[in-house]
Amino acid sequence: MAYTKRKPPIGARPGTLAIPADATPPVIATMCYSAEFLDENAEVHSSQIGTLHRSGATSWVDVRGLGDEATLWELANQFNIHPLALEDVVNVPQRPKSELYPDHQFLVIRMMQFDAATHHLDVEQVSLVITEDAVVTFQERLGDILDPVRKRIRDNNTRIRKSGTDYLAYAIIDTIVDGYFPILETLGEELEDLEQEIIDQPSVEHLSEINRVKGTLLQLRRSLWPTRDMLNSIVRDDNPFFTEQAQVYFRDTYDHVYQLVEVLESHREVVSGLMNTYLSVQSNRTNEVMKVLTIMASIFIPLTFIAGVYGMNFEHMPELKHPWAYPTLWGVMSAMGIGLFIYFRRKGWIGNQDRSLSSKRKDAL
Amino acid sequence: MAYTKRKPPIGARPGTLAIPADATPPVIATMCYSAEFLDENAEVHSSQIGTLHRSGATSWVDVRGLGDEATLWELANQFNIHPLALEDVVNVPQRPKSELYPDHQFLVIRMMQFDAATHHLDVEQVSLVITEDAVVTFQERLGDILDPVRKRIRDNNTRIRKSGTDYLAYAIIDTIVDGYFPILETLGEELEDLEQEIIDQPSVEHLSEINRVKGTLLQLRRSLWPTRDMLNSIVRDDNPFFTEQAQVYFRDTYDHVYQLVEVLESHREVVSGLMNTYLSVQSNRTNEVMKVLTIMASIFIPLTFIAGVYGMNFEHMPELKHPWAYPTLWGVMSAMGIGLFIYFRRKGWIGNQDRSLSSKRKDAL
Amino acid sequence: MAYTKRKPPIGARPGTLAIPADATPPVIATMCYSAEFLDENAEVHSSQIGTLHRSGATSWVDVRGLGDEATLWELANQFNIHPLALEDVVNVPQRPKSELYPDHQFLVIRMMQFDAATHHLDVEQVSLVITEDAVVTFQERLGDILDPVRKRIRDNNTRIRKSGTDYLAYAIIDTIVDGYFPILETLGEELEDLEQEIIDQPSVEHLSEINRVKGTLLQLRRSLWPTRDMLNSIVRDDNPFFTEQAQVYFRDTYDHVYQLVEVLESHREVVSGLMNTYLSVQSNRTNEVMKVLTIMASIFIPLTFIAGVYGMNFEHMPELKHPWAYPTLWGVMSAMGIGLFIYFRRKGWIGNQDRSLSSKRKDAL
Amino acid sequence: MAYTKRKPPIGARPGTLAIPADATPPVIATMCYSAEFLDENAEVHSSQIGTLHRSGATSWVDVRGLGDEATLWELANQFNIHPLALEDVVNVPQRPKSELYPDHQFLVIRMMQFDAATHHLDVEQVSLVITEDAVVTFQERLGDILDPVRKRIRDNNTRIRKSGTDYLAYAIIDTIVDGYFPILETLGEELEDLEQEIIDQPSVEHLSEINRVKGTLLQLRRSLWPTRDMLNSIVRDDNPFFTEQAQVYFRDTYDHVYQLVEVLESHREVVSGLMNTYLSVQSNRTNEVMKVLTIMASIFIPLTFIAGVYGMNFEHMPELKHPWAYPTLWGVMSAMGIGLFIYFRRKGWIGNQDRSLSSKRKDAL
Amino acid sequence: MAYTKRKPPIGARPGTLAIPADATPPVIATMCYSAEFLDENAEVHSSQIGTLHRSGATSWVDVRGLGDEATLWELANQFNIHPLALEDVVNVPQRPKSELYPDHQFLVIRMMQFDAATHHLDVEQVSLVITEDAVVTFQERLGDILDPVRKRIRDNNTRIRKSGTDYLAYAIIDTIVDGYFPILETLGEELEDLEQEIIDQPSVEHLSEINRVKGTLLQLRRSLWPTRDMLNSIVRDDNPFFTEQAQVYFRDTYDHVYQLVEVLESHREVVSGLMNTYLSVQSNRTNEVMKVLTIMASIFIPLTFIAGVYGMNFEHMPELKHPWAYPTLWGVMSAMGIGLFIYFRRKGWIGNQDRSLSSKRKDAL
């Protein structure tokens with residue numbers, strides 16, 4: 001659940017690629033483009049890549065699946081990817097970060113998709129290696145949210161076709177960051193529903209729900225804060241792989257992450273308030289239950305006692321003989337019952353809540 | 001509710017103006033003034049604007065409604081507004097910020113109006129483009145709180161007529177910031193009422209109220225903190241569009257925002273205290289209910305038992321025959337009842353609360 | 001209550017003095033002194049002030065009441081008080097601050113007096129204008145806590161008579177800061193009492209008390225933290241109006257404020273603990289009430305059932321005829337009652353608490 | 001428990017080695033290696049060490065057990081270990097830190113092993129003295145988690161064999177840091193189990209468990225935060241004993257500690273949420289118990305009263321004689337019982353919870 | 001209690017020594033020593049001090065008791081103690097701090113002793129005036145924890161005898177800081193006991209205990225944090241009265257204070273957890289009580305009703321005449337009772353807790 005599992009064994013020598021047995025075998029797609037042309041390959045072998053790039057053009061090498069060590073090393077050789085960077089590609093999850101290596105810029109970010117039905121947050125590390133003329137992306141699995149980027153590349157007149165690798169990297173990262181918005185929105189709606197449900201009818205399963213949402217938010221937080229730091233360093237620092245123009249665009253993405261963090265933190269406040277709401281509603285309901293019990297018991301226990309008294313078998317109980325005794329007693333008992341009823345009503349324990357609500361509504365008119 | 005909705009779709013190319021279908025069509029008003037003259041137009045077409053400005057004068061171009069892309073681009077061309085700034089004008093909400101562009105200073109702020117009856121917080125982004133001789137303001141809708149500024153411009157002898165665009169920008173922002181004070185005051189009063197109501201009679205709907213106020217405060221917070229940063233950067237940084245004299249005035253506005261933030265934070269403390277109060281009052285009431293039940297049950301259950309005993313049908317129950325048995329038993333039962341009553345009174349469960357209060361009052365005299 | 005009310009209307013032009021209708025008309029007292037002489041005037045007109053100062057001497061012009069705009073402007077002209085400073089004098093409350101103007105140093109501080117009986121915290125802004133040879137103080141109302149300063153001035157051999165305006169300002173501010181100590185002490189004692197009362201007998205009114213004290217502490221906090229910043233800037237920064245010698249004295253005052261802040265923060269911790277104490281005590285009492293009910297009901301309900309059984313009117317109930325049946329049943333019922341009593345005692349629900357206490361005391365010996 | 005016990009007595013002169021009576025006598029193992037050879041000794045006497053090192057090679061002197069002062073001083077002389085460093089070796093626990101001495105770098109770190117069965121966290125201080133050609137490690141006891149490092153040294157072609165003391169120090173520290181991962185993972189699983197158990201059936205012993213886990217996390221925190229600072233200073237600062245290449249590796253370890261801290265903090269959030277869950281579940285159960293009581297009492301107490309009425313012995317009770325009175329009364333009583341039953345069902349107190357769940361499941365389909 | 005009482009009256013002129021009437025009259029002891037000799041005087045008059053110092057030696061003038069103004073001024077003259085420093089000596093408590101005066105370094109620290117039996121924390125300010133050749137310590141009362149320092153001075157071959165005033169100051173401060181360890185340890189043990197007691201049997205007096213410990217920790221905190229700052233400034237800043245060698249020793253003391261702060265903060269976390277534990281345990285117990293009540297009432301109230309039915313006096317109740325009716329009814333009632341008993345057992349309200357525990361223990365095997 002916490003997306004912190006895959007690690008080489010304790011004390012493993014650095015440089016070890018911890019490829020798990022069930023990792024997806026890599027599928028490599030390439031897009032080589034300039035303003036004039038686009039050359040797209042849906043699936044190529046790692047050995048072909050060197051031949052696919054045209055000089056002066058921008059290449060996007062998109063590797064989905066990390067299940068084959070040989071392929072990864074071949075790509076590393078092709079693009080001069082530093083062994084430590086390659087390790088970070090494989091030994092997921094790394095925290096989102098930006099690192100400058102001699103031959104390339106290395107970015108790590110997390111792509112998230114949320115399935116509202118199963119409440120499953122699908123997290124995938126995307127690593128970007130940005131060189132002069134190519135962006136190599138490594139994804140853990142097939143299936144991503146980057147189709148809008150591909151579509152913009154296929155379109156002839158887009159800015160992306162006229163720009164270099166830095167803009168391509170921006171487009172990819174911006175799209176991934178945009179993918180967080182619907183997740184936070186869905187969670188926000190869930191929280192609103194949860195609050196309403198808890199106020200209507202709190203049950204133990206809501207506690208699990210609260211804890212689940214809390215966990216999801218914590219996970220988002222652990223992605224968003226370092227993403228924000230990463231983007232901040234891209235925007236601020238001089239960097240041979242990013243033009244100033246691209247930095248302006250990254251600043252925009254930074255602004256989005258800033259906004260996401262704000263929404264996230266406000267969701268977290270709501271979650272912590274929900275637990276209080278739960279306790280309050282619960283305590284309210286207990287109070288209601290107690291009132292019913294107290295009213296019933298307080299009215300009927302004394303009456304039962306009186307009935308018990310005249311059920312006693314003493315020989316000398318003059319009341320028992322009197323012809324009006326029985327109806328009189330009924331009168332006394334009714335009076336007691338009604339008296340207690342009025343007393344509790346005055347205390348606001350009976351019917352009061354609705355009354356106070358309706359009187360309020362009158363005030364509001 | 002959370003004012004975070006309008007966004008271009010995921011992966012949309014930057015520069016896209018996400019104008020929603022229901023956006024208000026823009027209405028443009030202009031005021032061109034110097035110390036000597038004032039030329040005011042309540043509604044002009046975007047193409048006319050170039051002709052309305054007199055050199056040496058200060059112009060305020062007030063655009064209310066963002067529903068027409070053509071108009072916005074025309075204005076952008078007229079005033080050399082940077083495309084990224086124009087995007088921020090349209091893709092609301094942006095967080096309050098101050099950005100310097102080559103030809104103008106760009107400010108974003110949020111104008112708020114609170115309807116105490118419906119508890120609705122109306123939030124609107126106001127974007128200011130400040131050039132040498134003009135301030136262009138973009139509002140999302142018709143209707144604002146800037147009439148006092150217009151009035152001061154219409155008045156001949158005000159400082160605003162004698163000053164430039166920086167002072168005009170200050171007047172607009174100061175007025176918008178001043179608009180937060182009554183909102184926080186209203187919320188403060190609501191909180192006081194809420195506390196009193198909760199102490200008098202806590203009900204589940206108060207929980208929703210608390211959460212609502214909490215949400216409103218959170219939203220104000222998300223506006224005020226960045227507004228404070230924005231003003232701080234205006235006051236501190238050198239800037240070609242702001243004179244030192246204007247900075248002194250902005251410092252005053254900064255002071256107001258500082259004060260607002262303080263009041264806001266103290267409101268937030270009160271809100272978080274309210275939930276505790278709710279729980280405490282509720283627990284108090286449950287305790288009261290329990291006491292009533294316990295007293296009634298503890299007094300009458302034993303008595304009922306005794307009555308039950310003498311209702312038994314054993315043949316050999318000598319007490320039953322004794323002529324004084326019945327009145328004696330009444331005596332015993334009364335003694336028991338009164339004894340328990342005194343016991344509970346001593347424990348402070350009956351009538352004690354008022355007594356303790358009144359004894360306190362005596363101490364106070 | 002929150003001392004944040006008086007403000008010019010929204011969008012008012014800066015420089016407006018928002019003098020409320022009920023403001024106290026100003027009473028001006030002056031003390032002009034050097035080591036050799038003292039010239040004191042209990043009440044002078046603002047127009048006379050120019051004539052009262054002797055060159056080489058130090059003057060204290062003490063303005064109590066801000067209810068007359070003409071007087072204030074006259075004083076401003078006399079001492080070259082900057083219009084923005086004058087505004088801050090009138091538009092109370094400003095947060096405590098220190099601002100340097102060309103002709104004077106401007107300080108704002110809050111003077112507080114606490115009425116323990118009514119729990120009213122009287123807050124008043126004192127503004128100091130410090131020039132080369134005069135200190136002008138503006139107070140909102142008559143009545144202050146500065147008499148010890150006046151007394152020291154009247155005394156011939158005090159350091160204050162031999163020092164300049166910076167030392168006079170120090171003496172005034174130090175006296176005002178000293179005035180916070182008894183307030184915090186009183187609040188500390190109130191908190192101790194409150195805790196004891198809550199442990200003895202928690203009631204809903206304690207919640208209001210807790211919230212009241214919390215509010216008072218919040219208000220003190222909002223005064224003390226900026227006062228600390230103000231003093232820090234006086235101690236650290238070079239300043240034409242403060243000698244190094246005076247700065248040493250201000251450092252002492254800074255230390256006092258630091259100590260006040262510490263006490264304040266610890267009071268705040270106590271307050272937040274009180275709510276927990278309240279809830280715990282309340283839950284304890286509910287538990288006690290429940291135990292009594294449970295013991296009474298658990299003992300007598302089964303007994304009542306048994307009595308009920310033998311009150312049934314079946315014809316064939318052989319027990320009823322047996323001569324020893326009735327006493328035997330008494331025996332059985334007594335055994336049951338005593339058995340349950342012992343059971344509850346063993347569980348620690350009866351009398352146990354005192355026992356555990358007394359056994360503890362034995363351990364302590 | 002809190003691992004803060006061993007200290008020289010109050011006021012002891014510095015330089016005192018506080019060796020406790022039960023300290024393990026030291027066992028010294030050495031590994032002297034270069035790329036070409038490896039010379040390993042499982043147990044040597046401290047006096048032999050000088051003869052075991054070959055020039056140009058790297059030596060690891062591993063001291064397990066601190067129970068003999070003479071041995072420690074002999075080692076200190078051999079490697080020019082500063083007396084204050086030696087003190088820190090012995091007077092455990094020191095907080096993890098990195099200190100530069102004239103002849104060596106001194107590192108302190110904590111090695112942890114967690115026994116999930118007994119919930120015992122075994123903490124041991126490991127001190128590293130790093131010189132030009134040797135690393136001396138001091139452990140408190142026999143038994144460690146450094147076997148992977150030894151294995152890598154024994155292996156001919158590993159990077160460790162080709163590198164110097166800085167890489168050896170890195171390998172040791174990285175292995176110790178890696179040892180924290182399974183501990184946090186185990187604690188994470190414990191927390192998940194605990195949450196499930198509390199939701200199923202909260203009992204007082206869970207409170208002790210929560211407090212125990214909290215204590216363990218606190219202890220980990222007190223180790224991890226300073227470890228992070230230590231690694232940060234190694235990565236950032238110039239240092240004669242660490243090459244730039246080694247610093248890159250230490251940066252990797254720093255990343256691991258960063259990740260550990262993140263997991264730790266999220267565990268801490270979970271723990272603090274657990275207490276709330278406990279309270280909520282408990283309050284839920286109390287509510288359930290109350291409902292059962294209230295339903296039973298509310299239905300049967302009035303019925304008992306009615307039965308009591310017709311058990312009275314008045315002579316004039318005409319109902320008693322009517323032949324249909326008894327079955328009629330049964331009808332009335334059944335109607336009352338069923339009515340109340342339906343009433344409580346409508347209120348959602350009977351069977352409602354399951355119904356609401358099943359209706360939810362239908363919605364989900 | 002809060003150790004914040006003694007202050008000159010509001011507005012008192014600075015330089016006033018606020019010596020309270022009950023202050024201990026000063027007792028002055030001196031130790032003058034070098035590596036070669038030691039000259040110790042248990043009680044000297046302040047006028048004699050000038051004659052007791054030998055040039056080239058180090059003197060410790062230990063003043064216990066501040067009850068005589070003349071003596072203090074005489075000492076001040078003797079050692080050129082600055083009047084403001086002397087004030088801080090007398091007007092206790094000052095916060096721990098380090099101040100450099102022209103002729104001496106001035107340190108303030110708090111010496112604490114904790115009486116575990118009475119839970120009394122004895123706090124005493126110790127002020128140190130450090131000159132070239134003498135350390136003057138001022139204590140509030142007789143009785144301290146500095147005997148180990150005196151012993152080390154009396155011992156011929158200790159480092160203290162060979163070092164100067166800075167080392168003496170270090171020895172005094174280190175000893176005072178060491179005195180905090182047992183206090184925190186005692187408090188830690190108290191907290192563990194308290195937790196166990198609360199889990200076993202929570203009572204209202206535990207709330208007072210929790211608050212008491214919390215207060216003590218707060219007081220320690222207010223001493224330790226500034227002590228840490230003080231030592232940090234000694235370690236970092238250049239200072240004519242401290243050699244670099246001594247600074248190394250002070251760094252060690254700084255480390256101790258750092259460790260104390262850590263333990264303190266973890267104690268504070270434990271305390272805040274205790275309140276939650278209290279509430280949870282209390283709520284648990286209430287739940288237990290409720291279960292007993294509910295079981296008893298739910299079983300016997302319906303049975304009593306049935307018995308009541310057959311106690312009615314209707315003439316036409318055919319069941320009453322049937323010879324097997326009575327035993328049949330017993331059967332029915334037993335079945336009902338046993339049925340409800342089994343129902344509650346299944347719900348886990350009877351005996352379940354122990355069962356779940358024992359089943360757990362089986363799992364653990």
# chains A, B, ... in the order shown; residues from 1 in each chain; ligands from 1
call {"tool": "interface_residues", "arguments": {"of": "chain E", "to": "chain A", "cutoff": "10 Å", "atoms": "only C-alpha atoms", "output": "PyMOL selection string"}}
result
chain E and resi 308+311-313
call {"tool": "write_last_selection", "arguments": {"atoms": "C-alpha atoms", "output": "compact mmCIF listing (two decimals), in the first residue's frame"}}
result
# COMPACT_ATOMS: atom_id res chain seq x y z
CA GLY E 308 -46.09 -9.67 36.58
CA GLY E 311 -49.60 -11.95 39.11
CA MET E 312 -52.62 -10.20 37.61
CA ASN E 313 -55.93 -10.76 39.24
call {"tool": "select_by_dssp", "arguments": {"residues": "range 97-279 of chain A", "states": "alpha helix (DSSP H)", "output": "PyMOL selection string"}}
result
chain A and resi 147-154+159-162+165-178+180-200+204-236+244-279
call {"tool": "residues_around", "arguments": {"residues": "Ile49 in chain A", "least_positions_apart": "6", "cutoff": "9 Å", "atoms": "only C-alpha atoms", "output": "mmCIF file with C-alpha atoms, in the first residue's frame"}}
result
data_model
loop_
_atom_site.group_PDB
_atom_site.id
_atom_site.type_symbol
_atom_site.label_atom_id
_atom_site.label_comp_id
_atom_site.auth_asym_id
_atom_site.auth_seq_id
_atom_site.Cartn_x
_atom_site.Cartn_y
_atom_site.Cartn_z
ATOM 1 C CA THR A 30 10.037 6.560 -30.343
ATOM 2 C CA VAL A 61 12.290 7.553 -26.494
ATOM 3 C CA LEU A 75 19.852 2.333 -23.530
ATOM 4 C CA GLN A 78 23.286 4.757 -26.116
#
call {"tool": "residues_around", "arguments": {"residues": "Ser266 in chain A", "least_positions_apart": "2", "cutoff": "12 Å", "atoms": "only C-alpha atoms", "output": "PyMOL selection string"}}
result
(chain A and resi 184-185+187-188+191+217+221+259-264+268-273) or (chain B and resi 2+4+214-222)
call {"tool": "write_last_selection", "arguments": {"atoms": "N, CA and C atoms", "output": "compact mmCIF listing (two decimals), in the first residue's frame"}}
result
# COMPACT_ATOMS: atom_id res chain seq x y z
N LEU A 184 -7.31 14.83 -6.60
CA LEU A 184 -7.63 15.63 -5.42
C LEU A 184 -9.09 16.05 -5.43
N GLU A 185 -9.63 16.29 -6.65
CA GLU A 185 -11.03 16.65 -6.73
C GLU A 185 -11.92 15.49 -6.26
N LEU A 187 -11.07 13.06 -4.30
CA LEU A 187 -10.93 12.90 -2.85
C LEU A 187 -11.75 13.96 -2.11
N GLY A 188 -11.74 15.18 -2.66
CA GLY A 188 -12.52 16.24 -2.04
C GLY A 188 -14.00 15.89 -2.00
N LEU A 191 -14.63 13.25 0.53
CA LEU A 191 -14.62 13.80 1.89
C LEU A 191 -15.96 14.45 2.21
N LEU A 217 -3.93 10.70 1.07
CA LEU A 217 -3.46 12.09 1.10
C LEU A 217 -1.98 12.15 1.51
N ARG A 221 0.98 13.67 -0.60
CA ARG A 221 1.85 14.66 0.00
C ARG A 221 3.31 14.32 -0.20
N GLN A 259 -0.53 25.03 -6.13
CA GLN A 259 -1.98 24.98 -5.93
C GLN A 259 -2.43 23.61 -5.43
N LEU A 260 -1.83 22.55 -6.01
CA LEU A 260 -2.15 21.19 -5.57
C LEU A 260 -1.81 21.01 -4.10
N VAL A 261 -0.65 21.51 -3.72
CA VAL A 261 -0.24 21.37 -2.32
C VAL A 261 -1.24 22.07 -1.41
N GLU A 262 -1.70 23.24 -1.85
CA GLU A 262 -2.67 23.97 -1.04
C GLU A 262 -3.97 23.18 -0.87
N VAL A 263 -4.47 22.65 -1.98
CA VAL A 263 -5.70 21.86 -1.89
C VAL A 263 -5.48 20.64 -1.01
N LEU A 264 -4.34 20.01 -1.20
CA LEU A 264 -3.99 18.84 -0.40
C LEU A 264 -4.01 19.15 1.08
N ARG A 268 -6.36 17.71 4.05
CA ARG A 268 -5.86 17.09 5.28
C ARG A 268 -6.51 17.69 6.52
N GLU A 269 -6.72 19.00 6.46
CA GLU A 269 -7.42 19.62 7.60
C GLU A 269 -8.85 19.07 7.72
N VAL A 270 -9.49 18.91 6.56
CA VAL A 270 -10.85 18.38 6.58
C VAL A 270 -10.87 16.98 7.19
N VAL A 271 -9.89 16.16 6.79
CA VAL A 271 -9.84 14.80 7.32
C VAL A 271 -9.69 14.80 8.83
N SER A 272 -8.81 15.65 9.32
CA SER A 272 -8.60 15.64 10.77
C SER A 272 -9.84 16.18 11.48
N GLY A 273 -10.59 17.06 10.81
CA GLY A 273 -11.85 17.50 11.39
C GLY A 273 -12.91 16.41 11.39
N ALA B 2 -14.91 25.16 -3.28
CA ALA B 2 -13.54 25.49 -2.89
C ALA B 2 -12.88 26.45 -3.87
N THR B 4 -11.82 26.17 -6.90
CA THR B 4 -10.63 25.66 -7.59
C THR B 4 -11.03 24.89 -8.84
N LYS B 214 -15.11 26.88 9.24
CA LYS B 214 -13.73 26.44 9.08
C LYS B 214 -13.32 26.50 7.62
N GLY B 215 -14.18 26.01 6.75
CA GLY B 215 -13.88 26.04 5.32
C GLY B 215 -13.73 27.46 4.81
N THR B 216 -14.64 28.36 5.25
CA THR B 216 -14.56 29.75 4.82
C THR B 216 -13.24 30.37 5.29
N LEU B 217 -12.87 30.10 6.52
CA LEU B 217 -11.62 30.66 7.04
C LEU B 217 -10.42 30.12 6.26
N LEU B 218 -10.48 28.84 5.92
CA LEU B 218 -9.40 28.24 5.15
C LEU B 218 -9.25 28.94 3.81
N GLN B 219 -10.40 29.26 3.21
CA GLN B 219 -10.38 29.92 1.91
C GLN B 219 -9.80 31.34 2.03
N LEU B 220 -10.21 32.02 3.07
CA LEU B 220 -9.66 33.36 3.32
C LEU B 220 -8.15 33.28 3.53
N ARG B 221 -7.76 32.26 4.26
CA ARG B 221 -6.34 32.07 4.54
C ARG B 221 -5.56 31.88 3.26
N ARG B 222 -6.11 31.07 2.38
CA ARG B 222 -5.41 30.80 1.13
C ARG B 222 -5.33 32.05 0.26
call {"tool": "atom_distance", "arguments": {"atom1": "CA of Ile210 in chain C", "atom2": "CA of Asn276 in chain B"}}
result
11.1 Å
call {"tool": "residues_around", "arguments": {"residues": "Val289 in chain B", "least_positions_apart": "6", "cutoff": "7 Å", "atoms": "only C-alpha atoms", "output": "list in words"}}
result
Met290, Lys291 and Thr294 of chain A
call {"tool": "residues_around", "arguments": {"residues": "Thr58 in chain D", "least_positions_apart": "2", "cutoff": "12 Å", "atoms": "only C-alpha atoms", "output": "ChimeraX atom specification"}}
result
/D:30-40,52-56,60-61,130-136,153,160-169
call {"tool": "write_last_selection", "arguments": {"atoms": "C-alpha atoms", "output": "mmCIF file, in the first residue's frame"}}
result
data_model
loop_
_atom_site.group_PDB
_atom_site.id
_atom_site.type_symbol
_atom_site.label_atom_id
_atom_site.label_comp_id
_atom_site.auth_asym_id
_atom_site.auth_seq_id
_atom_site.Cartn_x
_atom_site.Cartn_y
_atom_site.Cartn_z
ATOM 1 C CA THR D 30 40.882 -7.196 11.397
ATOM 2 C CA MET D 31 40.602 -7.216 7.630
ATOM 3 C CA CYS D 32 43.519 -5.771 5.703
ATOM 4 C CA TYR D 33 42.926 -5.677 1.957
ATOM 5 C CA SER D 34 43.715 -4.118 -1.353
ATOM 6 C CA ALA D 35 42.528 -5.044 -4.812
ATOM 7 C CA GLU D 36 45.136 -7.817 -4.873
ATOM 8 C CA PHE D 37 45.051 -9.458 -1.470
ATOM 9 C CA LEU D 38 42.982 -9.931 1.686
ATOM 10 C CA ASP D 39 44.373 -10.689 5.096
ATOM 11 C CA GLU D 40 41.650 -11.510 7.609
ATOM 12 C CA LEU D 52 48.985 -6.456 10.827
ATOM 13 C CA HIS D 53 48.654 -3.481 8.539
ATOM 14 C CA ARG D 54 50.443 -3.472 5.197
ATOM 15 C CA SER D 55 51.291 -0.114 3.706
ATOM 16 C CA GLY D 56 49.111 0.871 0.748
ATOM 17 C CA TRP D 60 39.221 -2.495 8.980
ATOM 18 C CA VAL D 61 39.739 -2.964 12.696
ATOM 19 C CA ILE D 130 38.402 6.919 9.879
ATOM 20 C CA THR D 131 42.080 7.546 9.176
ATOM 21 C CA GLU D 132 44.089 7.594 5.962
ATOM 22 C CA ASP D 133 44.442 3.834 5.749
ATOM 23 C CA ALA D 134 42.198 2.327 8.407
ATOM 24 C CA VAL D 135 38.666 2.323 9.711
ATOM 25 C CA VAL D 136 38.271 1.382 13.361
ATOM 26 C CA ILE D 153 35.400 -7.543 1.051
ATOM 27 C CA ILE D 160 35.073 -2.081 -2.069
ATOM 28 C CA ARG D 161 38.333 -3.941 -2.644
ATOM 29 C CA LYS D 162 39.441 -1.286 -5.080
ATOM 30 C CA SER D 163 38.514 1.696 -2.905
ATOM 31 C CA GLY D 164 39.867 3.312 0.230
ATOM 32 C CA THR D 165 38.720 3.877 3.777
ATOM 33 C CA ASP D 166 36.020 6.352 2.820
ATOM 34 C CA TYR D 167 34.230 3.756 0.705
ATOM 35 C CA LEU D 168 34.585 1.192 3.509
ATOM 36 C CA ALA D 169 33.043 3.670 5.947
#
call {"tool": "residues_around", "arguments": {"residues": "Met230 in chain C", "least_positions_apart": "6", "cutoff": "9 Å", "atoms": "only C-alpha atoms", "output": "list in words"}}
result
Pro96, Lys97, Ser98, Leu107, Val108, Ile109 and Tyr254 of chain C
call {"tool": "select_by_dssp", "arguments": {"residues": "range 100-140 of chain B", "states": "strand (DSSP E)", "output": "PyMOL selection string"}}
result
chain B and resi 100-101+104-115+120-130+134-139
call {"tool": "decode", "arguments": {"residues": "range 155-167 of chain E", "atoms": "C-alpha atoms", "output": "compact mmCIF listing (two decimals), in the first residue's frame"}}
result
# COMPACT_ATOMS: atom_id res chain seq x y z
CA ASP E 155 42.60 16.57 44.77
CA ASN E 156 46.18 17.42 43.74
CA ASN E 157 46.52 15.83 40.34
CA THR E 158 43.31 16.84 38.62
CA ARG E 159 43.14 18.84 35.44
CA ILE E 160 41.11 21.49 37.26
CA ARG E 161 44.10 22.37 39.44
CA LYS E 162 46.23 22.86 36.35
CA SER E 163 43.71 24.98 34.46
CA GLY E 164 42.37 28.49 34.72
CA THR E 165 39.05 30.16 35.45
CA ASP E 166 37.42 29.03 32.22
CA TYR E 167 37.89 25.39 33.15
